[in-house]
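Here the structure comes first, spelled out in structure tokens, and everything after it is commentary.
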Amino acid sequence: MGQYNYKKTEKKWAEKWVRDKTFTPDLSGAKNPYYALFMFPYPSAEGLHIGNFYAFTCVDVMAKYKKLQGFDVFEPIGFDAFGLHSENYALTIGETPRKMLRRTEENFRKQLKMAGLGCDWTREVDTANPNYYKWTQWIFTKLFERGLAVRKESLVHWCPGCKTVLADEQIENGVCERCGSISEKKKMKQWFFKITDYAQRILDGLNEMDWSEITKAAQKNWIGRSEGAIIKFEVQPPNIDTSAQFGEVEPQYIEVFTTRPDTLFGVTYFVLSPEHNLVRQFTTDEQREEVEKYIKDTASKSDLDRMESKEKTGVFTGAYVINPVNNEKIPVWVADYVLMGYGTGAIMAVPAHDERDWEFAKKYDLPIKKVVEPPALLRIPRNIEDIAAGAKEEIKIEAEYWSAEGVNINSEFLNGLATDEAKKKMTEWLKEKNLGRANINYKLRDWCISRQRYWGPPIPVIYCEKCGIVSVPEKDLPVLLPDLEKEWEPAGDGKGPLSKVDSFVKTECPKCGKPAKRETDVMDNFLDSAWYYYRYLSPENGEEIFDKKIGDKWLPVDFYVGGNEHAVLHLMYTRFITMLLRDLDVVDFDNPFKRFRANGMILKDGKKMSKSKGNVVNPEEYGEKVGYDALKSYLLFLGPFEENRSFSDEGILGTMRWVDKIYRLKDKVKESAKDGNKVLRNLHKTIKRVSEDFEGQKYNTAIARLMEMTNVLSAADEISRDTWLKFLALTAPFLPALAEEMWERAGNKSSIFGHKNWPEYDLGFVREDEFELVVQVNGKLRGSITAPRGINEKEAEKKVRAEEKFKKYLENRIIKKTIFVKNRLINFVIDK
């Protein structure tokens, strides 16, 4: 019988697949294209992390499944080489980034090839390659031409560890997501992309996207759309000049944004963010020392700390504003629970109807004026006679503050109005008096792309005394990054290392030809990764960002997988850049990925992995111990795709035993064998269910079904060649090297992935105990599911509710009644 030599087999097929270009499609001639994509790795360590490996595997098994179905599958590979991750690692080990990457990228290639991933190695991209970053710079110039790339002074996040500015999205819990240093706030002139101009378009696009709900929810929350009103408060004393902030707006007024204009009668104090540029003008001499100390203390706190702090703090400025609706004089405070990044950086405080305002008012003994009354709840009595008579009992809600909707009181012309109506009436009143207007606000801020570092694409901008700020013409791209062997480390002085390289800085203005200077900051590496999936289609193309003819065939990407930690970074930016490309008529869609799925995290024995804990799982180590087929299958078998799962050394041995068990089945295969009914019935059920599991990315249950089928075949006296080949095709996405080896030994000359080898099930073998249950909602067909014959109404409803595709019709809906026709259909009658 012999023992399965997984090392020899996996090495043989890994090398053969690359040599024979088994997974290299003809992009131009493809008849049935399918683009499967994983997030390309940062080659900024000595090898693959198990988290990367798992995400790659999630894509790879789908790619192999589609290839077995007859699709022309494109699964490319590249390296996200520019950026802080690579530069910081190079600093740690004392090498230049370029020298370090030559070694680390080669090791990544070796590991990925040995793992048997079905990548096309002929179209590799590297973001640090000039023929790549030429087009990153081209994107900048297009944004600049459209007024979407602007240089402005702003309060930005400064990382003292990385010694550079970071985007809002790169700060997690108040610290740098790359090095863990506590961020600081600085006012600096930086380059920004005006992603805020696309905020509503990005938000609207979420409705039509087949992406993980957790990812869409994160983006929706990050965009943070709020409907409300801008309200003007007259400043006291009136000689405070607000024109620097508001331009043509009357200088004696300061504006706030609120989602609750209906509560204007309840305003009892006014708050400025400590970073607001009018704080010092508002502050009286008597309060100046205390206010200055407060501003200094606040500077060391992160936005998150300020938002989550239970303890409310603030200082009275000594100034007042006038409430426009009742002319009441209101004290102006400075408090850190108000952030400059939201609205105007100033708020009207209504402590009776906002939790944070209430906490602040209680602490500083400020007035609390109730202007919205909670709605009365109606309780229907239990007494049947009272019910028949229509009697109802009113319940009053008592609360220290009431932030929800209700009915206005103590509000003059708003009294008795429900919240929505009161909002509308107050906004109209403000507009008539030229004291306010309806407004939509977004939490989303513009994307800061300046980095005061070395390892990144130079910003393609020239500063000319005569012509001003000039973008580098396309014919002069790329602006090459100098190859520095020394003095490339960040200084932390607010200037990038390129500022010290005279040969780089000194240039000529492309407009007038006079001496000029280059921008010395480089760009955020998240711009590099916002468009890489386009470049895979023609990585050597020097004339355009990618071959549009090929793009028309292959785009958008069919299937994309990655961690949800990228929801408001990479995944938001990819959508923004794609929308830009659509506006440039480069593509004809807004969403770059037809389907995105966020994968869960891999834990080790229930704990998050880290080098300090000594529990990091090295894929190469386990590939050696148990084989890559077993490792990949084990990772997928651990649990549902989107959930975290825990890796254990004991558990992976069970998957290794499954691989060995399949290998031993080869000795039962006979040309003359006749499969029994049990084998055939289980085989065709397995084909059907595994196919369905693949379409829903239910890899764990697909593997479980294959393990069950393995047991059925192990119990059989012999196996027919036809059944054996069908079974091998089913296992091939998970166990490609083993399946390929057994396929060859069965006498096949071409690769198992070379033809349309995915088996089809015979309905006759699956019909006897299953049927397609038709699902209707209010009489309209919404789909169907496979269900066991004889299923009762309760179980049918439970099964339907568990399916993702029906949740949008049934979640948070009241089901009036259910119409169930046994073995045929279920119809949910719901409130419309």
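Letters A, B, ... mark the chains of the structure tokens in the order given; residue numbers begin at 1 per chain; ligand numbers begin at 1, in order shown.
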| said: Give me, as a PyMOL selection string, all polymer residues having an atom no more than 7 Å from region 409-422 of chain A, counting only C-alpha atoms and skipping those fewer than 4 positions away in the same chain. | reply: chain A and resi 262+265+371-373+405+426
Output file for the selection above: N, CA and C atoms, as a PDB file, in the first residue's frame:
```
ATOM      1  N   ASP A 262     -34.906  71.019  16.388  1.00  0.00           N
ATOM      2  CA  ASP A 262     -36.145  71.104  17.165  1.00  0.00           C
ATOM      3  C   ASP A 262     -35.889  71.391  18.642  1.00  0.00           C
ATOM      4  N   PHE A 265     -34.773  75.676  21.518  1.00  0.00           N
ATOM      5  CA  PHE A 265     -35.276  76.385  22.694  1.00  0.00           C
ATOM      6  C   PHE A 265     -34.653  75.848  23.992  1.00  0.00           C
ATOM      7  N   VAL A 371     -37.353  70.499  26.596  1.00  0.00           N
ATOM      8  CA  VAL A 371     -38.172  71.023  25.490  1.00  0.00           C
ATOM      9  C   VAL A 371     -38.784  69.920  24.626  1.00  0.00           C
ATOM     10  N   VAL A 372     -38.457  68.672  24.932  1.00  0.00           N
ATOM     11  CA  VAL A 372     -39.069  67.544  24.219  1.00  0.00           C
ATOM     12  C   VAL A 372     -39.577  66.560  25.245  1.00  0.00           C
ATOM     13  N   GLU A 373     -40.830  66.202  25.120  1.00  0.00           N
ATOM     14  CA  GLU A 373     -41.457  65.256  26.046  1.00  0.00           C
ATOM     15  C   GLU A 373     -41.504  63.887  25.389  1.00  0.00           C
ATOM     16  N   GLU A 405     -36.874  60.736  19.945  1.00  0.00           N
ATOM     17  CA  GLU A 405     -37.932  61.603  19.437  1.00  0.00           C
ATOM     18  C   GLU A 405     -39.076  61.708  20.444  1.00  0.00           C
ATOM     19  N   MET A 426     -38.683  74.382  12.460  1.00  0.00           N
ATOM     20  CA  MET A 426     -37.606  75.217  12.977  1.00  0.00           C
ATOM     21  C   MET A 426     -36.604  75.570  11.877  1.00  0.00           C
TER      22      MET A 426
END
```
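You will find CA of Lys301 (chain A) at 28.6 Å from CA of Gly228 (chain A).
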| query | Pick from A:Thr578, A:Asn748, A:Thr655, A:Ser44: nearest to Ile93 (chain A), with only C-alpha atoms counted? | reply | A:Ser44
| Test item: residues at most 12 Å from Ile791 (chain A), only C-alpha atoms, excluding those fewer than 5 positions along its chain, as JSON, numbers by chain | {"A": [769, 770, 771, 772, 773, 786, 796, 797, 798, 799, 800, 820, 821, 822, 823, 824, 825, 826]}
Hey, can you spit out that residue selection with N, CA and C atoms as a PDB file, in the first residue's frame?
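Saved file out27.pdb follows:
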```
ATOM      1  N   ASP A 769     -34.875  12.124  -1.071  1.00  0.00           N
ATOM      2  CA  ASP A 769     -35.063  12.674   0.268  1.00  0.00           C
ATOM      3  C   ASP A 769     -34.867  14.184   0.336  1.00  0.00           C
ATOM      4  N   GLU A 770     -34.801  14.850  -0.833  1.00  0.00           N
ATOM      5  CA  GLU A 770     -34.662  16.303  -0.839  1.00  0.00           C
ATOM      6  C   GLU A 770     -35.527  16.918  -1.932  1.00  0.00           C
ATOM      7  N   PHE A 771     -35.852  18.186  -1.769  1.00  0.00           N
ATOM      8  CA  PHE A 771     -36.608  18.910  -2.795  1.00  0.00           C
ATOM      9  C   PHE A 771     -36.269  20.390  -2.705  1.00  0.00           C
ATOM     10  N   GLU A 772     -36.659  21.142  -3.730  1.00  0.00           N
ATOM     11  CA  GLU A 772     -36.430  22.581  -3.731  1.00  0.00           C
ATOM     12  C   GLU A 772     -37.658  23.275  -3.130  1.00  0.00           C
ATOM     13  N   LEU A 773     -37.500  23.860  -1.951  1.00  0.00           N
ATOM     14  CA  LEU A 773     -38.577  24.569  -1.270  1.00  0.00           C
ATOM     15  C   LEU A 773     -38.649  25.993  -1.814  1.00  0.00           C
ATOM     16  N   THR A 786     -32.754  24.095  -0.813  1.00  0.00           N
ATOM     17  CA  THR A 786     -32.856  22.636  -0.767  1.00  0.00           C
ATOM     18  C   THR A 786     -33.253  22.221   0.644  1.00  0.00           C
ATOM     19  N   ALA A 796     -38.916  24.501   8.406  1.00  0.00           N
ATOM     20  CA  ALA A 796     -38.769  25.193   7.123  1.00  0.00           C
ATOM     21  C   ALA A 796     -38.517  26.681   7.344  1.00  0.00           C
ATOM     22  N   GLU A 797     -39.286  27.280   8.257  1.00  0.00           N
ATOM     23  CA  GLU A 797     -39.103  28.710   8.548  1.00  0.00           C
ATOM     24  C   GLU A 797     -37.709  28.965   9.128  1.00  0.00           C
ATOM     25  N   LYS A 798     -37.258  28.110  10.011  1.00  0.00           N
ATOM     26  CA  LYS A 798     -35.931  28.251  10.614  1.00  0.00           C
ATOM     27  C   LYS A 798     -34.836  28.159   9.560  1.00  0.00           C
ATOM     28  N   LYS A 799     -34.986  27.225   8.632  1.00  0.00           N
ATOM     29  CA  LYS A 799     -33.987  27.031   7.576  1.00  0.00           C
ATOM     30  C   LYS A 799     -33.939  28.237   6.635  1.00  0.00           C
ATOM     31  N   VAL A 800     -35.098  28.779   6.292  1.00  0.00           N
ATOM     32  CA  VAL A 800     -35.164  29.944   5.399  1.00  0.00           C
ATOM     33  C   VAL A 800     -34.533  31.151   6.075  1.00  0.00           C
ATOM     34  N   PHE A 820     -47.829  27.464   4.408  1.00  0.00           N
ATOM     35  CA  PHE A 820     -46.878  26.378   4.154  1.00  0.00           C
ATOM     36  C   PHE A 820     -47.563  25.248   3.402  1.00  0.00           C
ATOM     37  N   VAL A 821     -47.021  24.916   2.239  1.00  0.00           N
ATOM     38  CA  VAL A 821     -47.508  23.773   1.465  1.00  0.00           C
ATOM     39  C   VAL A 821     -46.408  22.727   1.516  1.00  0.00           C
ATOM     40  N   LYS A 822     -46.670  21.627   2.179  1.00  0.00           N
ATOM     41  CA  LYS A 822     -45.663  20.609   2.448  1.00  0.00           C
ATOM     42  C   LYS A 822     -44.990  20.136   1.160  1.00  0.00           C
ATOM     43  N   ASN A 823     -43.669  20.064   1.226  1.00  0.00           N
ATOM     44  CA  ASN A 823     -42.826  19.604   0.113  1.00  0.00           C
ATOM     45  C   ASN A 823     -42.952  20.478  -1.143  1.00  0.00           C
ATOM     46  N   ARG A 824     -43.447  21.718  -0.969  1.00  0.00           N
ATOM     47  CA  ARG A 824     -43.582  22.603  -2.135  1.00  0.00           C
ATOM     48  C   ARG A 824     -43.111  24.028  -1.856  1.00  0.00           C
ATOM     49  N   LEU A 825     -43.811  24.746  -0.951  1.00  0.00           N
ATOM     50  CA  LEU A 825     -43.467  26.157  -0.777  1.00  0.00           C
ATOM     51  C   LEU A 825     -43.781  26.655   0.620  1.00  0.00           C
ATOM     52  N   ILE A 826     -43.169  27.819   0.929  1.00  0.00           N
ATOM     53  CA  ILE A 826     -43.492  28.550   2.142  1.00  0.00           C
ATOM     54  C   ILE A 826     -43.632  30.015   1.747  1.00  0.00           C
TER      55      ILE A 826
END
```
| request: Quick one: everything within 9 Å of Glu642 (chain A), counting only C-alpha atoms, minus sequence neighbours fewer than 4 positions away in the same chain. Send it as a ChimeraX atom specification. | output: /A:212,597-601
| query | Nearest to Val690 (chain A) among A:Leu730, A:Ala737, A:Ile719, A:Ala30, with distances taken over only C-alpha atoms: which residue is it? | reply |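 Ranked by minimum distance to Val690 (chain A), first place goes to A:Leu730.
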| request: Find, counting only C-alpha atoms, the residue in A:Gly436, A:Pro331, A:Gly47, A:Pro619 that gets nearest to Ala349 (chain A). | output: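 Selected residue with least distance to Ala349 (chain A): A:Pro331.
Among the candidates A:His353, A:Pro592, A:Glu75, A:Pro41, the residue lying nearest to Glu105 (chain A) is A:Pro41 (atoms considered: only C-alpha atoms).
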What's the 10 Å shell around Asn323 (chain A), counting only C-alpha atoms, without same-chain residues fewer than 3 positions away, as a PDB file with C-alpha atoms, in the first residue's frame?
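As written to disk, result28.pdb reads:
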```
ATOM      1  CA  ILE A 231     -27.556  77.541  12.933  1.00  0.00           C
ATOM      2  CA  LYS A 232     -25.997  80.978  13.465  1.00  0.00           C
ATOM      3  CA  PHE A 233     -25.411  82.234  17.013  1.00  0.00           C
ATOM      4  CA  GLU A 234     -24.637  85.916  17.515  1.00  0.00           C
ATOM      5  CA  VAL A 235     -21.312  86.445  19.261  1.00  0.00           C
ATOM      6  CA  LEU A 264     -33.035  74.996  19.938  1.00  0.00           C
ATOM      7  CA  PHE A 265     -35.276  76.385  22.694  1.00  0.00           C
ATOM      8  CA  GLY A 266     -33.475  74.044  25.135  1.00  0.00           C
ATOM      9  CA  VAL A 267     -29.927  75.354  24.534  1.00  0.00           C
ATOM     10  CA  THR A 268     -28.369  76.467  27.842  1.00  0.00           C
ATOM     11  CA  TYR A 269     -24.658  76.679  26.994  1.00  0.00           C
ATOM     12  CA  PHE A 270     -22.335  76.624  23.967  1.00  0.00           C
ATOM     13  CA  TYR A 320     -21.328  84.523  25.463  1.00  0.00           C
ATOM     14  CA  ASN A 326     -35.261  83.428  22.025  1.00  0.00           C
ATOM     15  CA  ASN A 327     -32.350  85.919  22.378  1.00  0.00           C
ATOM     16  CA  GLU A 328     -31.131  84.287  25.571  1.00  0.00           C
ATOM     17  CA  LYS A 329     -27.495  84.934  26.531  1.00  0.00           C
ATOM     18  CA  ILE A 330     -25.588  81.621  26.622  1.00  0.00           C
ATOM     19  CA  MET A 348     -25.142  74.134  20.938  1.00  0.00           C
TER      20      MET A 348
END
```
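Nearest residue to Asn88 (chain A) among A:Phe828, A:Trp211, A:Tyr463, A:Tyr42 is A:Tyr42, counting only C-alpha atoms.
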| said: Give me, as a ChimeraX atom specification, all polymer residues having an atom no more than 12 Å from Gly639 (chain A), counting only C-alpha atoms and skipping those fewer than 4 positions away in the same chain. | reply: /A:599-603,633-635,643-647,697-704
| task | Could you give me, as a ChimeraX atom specification, the residues within 9 Å of region 271-285 of chain A, counting only C-alpha atoms and dropping anything in the same chain fewer than 5 positions from it? | result | /A:155,235-237,240-242,244-245,291-292,294-296,298-299,314,316-320,331-340,344-349
| message | Please return, as a PyMOL selection string, all residues of region 44-205 of chain A that DSSP assigns to strand (DSSP E) on the basis of the backbone. | response | chain A and resi 72-74+76-79+120-126+149-159+164-166+171-172+175-176+184-193
Writing out the chosen residues with N, CA and C atoms as a short mmCIF file (atom, residue, chain, number, x, y, z; two decimals), in the first residue's frame:
```
data_model
loop_
_atom_site.label_atom_id
_atom_site.label_comp_id
_atom_site.auth_asym_id
_atom_site.auth_seq_id
_atom_site.Cartn_x
_atom_site.Cartn_y
_atom_site.Cartn_z
N ASP A 72 -12.13 30.42 -17.22
CA ASP A 72 -10.76 30.89 -17.40
C ASP A 72 -10.45 31.74 -16.17
N VAL A 73 -9.68 31.20 -15.24
CA VAL A 73 -9.50 31.84 -13.95
C VAL A 73 -8.18 32.61 -13.91
N PHE A 74 -8.26 33.84 -13.40
CA PHE A 74 -7.09 34.69 -13.21
C PHE A 74 -6.93 34.96 -11.73
N PRO A 76 -3.98 36.50 -9.73
CA PRO A 76 -2.64 37.10 -9.81
C PRO A 76 -1.98 37.27 -8.45
N ILE A 77 -0.70 37.64 -8.48
CA ILE A 77 0.09 37.82 -7.27
C ILE A 77 0.99 39.04 -7.44
N GLY A 78 1.23 39.75 -6.36
CA GLY A 78 2.14 40.89 -6.39
C GLY A 78 2.53 41.27 -4.97
N PHE A 79 3.21 42.41 -4.85
CA PHE A 79 3.73 42.82 -3.55
C PHE A 79 3.45 44.30 -3.29
N ASP A 120 -0.99 33.18 -11.08
CA ASP A 120 -0.34 33.47 -12.36
C ASP A 120 0.91 34.28 -12.06
N TRP A 121 2.07 33.64 -12.16
CA TRP A 121 3.33 34.29 -11.81
C TRP A 121 3.90 35.12 -12.96
N THR A 122 3.21 35.16 -14.08
CA THR A 122 3.74 35.90 -15.23
C THR A 122 3.33 37.37 -15.22
N ARG A 123 2.44 37.76 -14.31
CA ARG A 123 1.95 39.15 -14.31
C ARG A 123 2.10 39.77 -12.92
N GLU A 124 3.20 39.49 -12.29
CA GLU A 124 3.47 40.00 -10.95
C GLU A 124 3.62 41.52 -10.98
N VAL A 125 3.08 42.19 -9.95
CA VAL A 125 3.29 43.63 -9.80
C VAL A 125 4.01 43.90 -8.47
N ASP A 126 4.71 45.03 -8.43
CA ASP A 126 5.45 45.47 -7.26
C ASP A 126 5.29 46.98 -7.18
N ALA A 149 -6.96 67.03 -5.50
CA ALA A 149 -5.71 66.91 -4.74
C ALA A 149 -5.32 68.33 -4.36
N VAL A 150 -5.37 68.64 -3.06
CA VAL A 150 -5.14 70.02 -2.61
C VAL A 150 -4.14 70.03 -1.46
N ARG A 151 -3.37 71.10 -1.39
CA ARG A 151 -2.43 71.29 -0.28
C ARG A 151 -3.03 72.33 0.65
N LYS A 152 -3.19 71.94 1.90
CA LYS A 152 -3.82 72.86 2.85
C LYS A 152 -3.29 72.61 4.25
N GLU A 153 -3.39 73.64 5.08
CA GLU A 153 -3.01 73.51 6.48
C GLU A 153 -4.17 72.86 7.23
N SER A 154 -3.84 71.89 8.03
CA SER A 154 -4.88 71.18 8.75
C SER A 154 -4.31 70.59 10.02
N LEU A 155 -5.18 70.32 10.95
CA LEU A 155 -4.80 69.61 12.17
C LEU A 155 -4.71 68.13 11.81
N VAL A 156 -3.51 67.57 11.89
CA VAL A 156 -3.31 66.19 11.41
C VAL A 156 -2.75 65.31 12.53
N HIS A 157 -2.84 64.00 12.30
CA HIS A 157 -2.25 63.04 13.22
C HIS A 157 -0.76 62.90 12.92
N TRP A 158 0.06 63.10 13.94
CA TRP A 158 1.50 62.94 13.79
C TRP A 158 1.93 61.75 14.64
N CYS A 159 2.62 60.79 13.99
CA CYS A 159 3.12 59.63 14.72
C CYS A 159 4.57 59.88 15.11
N THR A 164 6.01 60.71 11.00
CA THR A 164 5.30 61.16 9.82
C THR A 164 3.84 61.43 10.15
N VAL A 165 3.19 62.12 9.25
CA VAL A 165 1.75 62.34 9.34
C VAL A 165 1.03 61.06 8.91
N LEU A 166 -0.13 60.79 9.52
CA LEU A 166 -0.96 59.64 9.15
C LEU A 166 -2.37 60.11 8.83
N ILE A 171 -5.24 55.63 12.37
CA ILE A 171 -5.18 55.73 13.82
C ILE A 171 -6.23 54.80 14.41
N GLU A 172 -5.79 53.86 15.24
CA GLU A 172 -6.69 52.91 15.86
C GLU A 172 -6.59 53.06 17.38
N VAL A 175 -3.80 55.24 18.65
CA VAL A 175 -2.39 54.93 18.36
C VAL A 175 -2.21 54.61 16.88
N CYS A 176 -0.96 54.72 16.44
CA CYS A 176 -0.60 54.41 15.05
C CYS A 176 -0.84 52.93 14.78
N GLU A 184 -0.10 62.26 17.98
CA GLU A 184 -0.21 63.64 18.44
C GLU A 184 -0.92 64.45 17.37
N LYS A 185 -1.47 65.61 17.77
CA LYS A 185 -2.12 66.49 16.81
C LYS A 185 -1.18 67.66 16.49
N LYS A 186 -1.00 67.92 15.18
CA LYS A 186 -0.17 69.04 14.74
C LYS A 186 -0.87 69.77 13.61
N LYS A 187 -0.64 71.08 13.54
CA LYS A 187 -1.10 71.83 12.39
C LYS A 187 0.03 71.88 11.37
N MET A 188 -0.22 71.31 10.19
CA MET A 188 0.80 71.25 9.15
C MET A 188 0.14 71.41 7.78
N LYS A 189 0.93 71.88 6.82
CA LYS A 189 0.47 71.92 5.44
C LYS A 189 0.76 70.56 4.82
N GLN A 190 -0.30 69.94 4.33
CA GLN A 190 -0.20 68.59 3.79
C GLN A 190 -1.02 68.49 2.51
N TRP A 191 -0.75 67.41 1.76
CA TRP A 191 -1.56 67.12 0.57
C TRP A 191 -2.72 66.21 0.97
N PHE A 192 -3.90 66.57 0.48
CA PHE A 192 -5.12 65.82 0.77
C PHE A 192 -5.84 65.46 -0.53
N PHE A 193 -6.46 64.30 -0.55
CA PHE A 193 -7.42 63.95 -1.59
C PHE A 193 -8.82 64.23 -1.05
#
```
| request: For each of A:Asn827, A:Thr9, A:Asn441, A:Asn525, take the minimum atom-to-atom distance to Ala81 (chain A), counting only C-alpha atoms, then give the residue where this is smallest. | output: A:Asn525
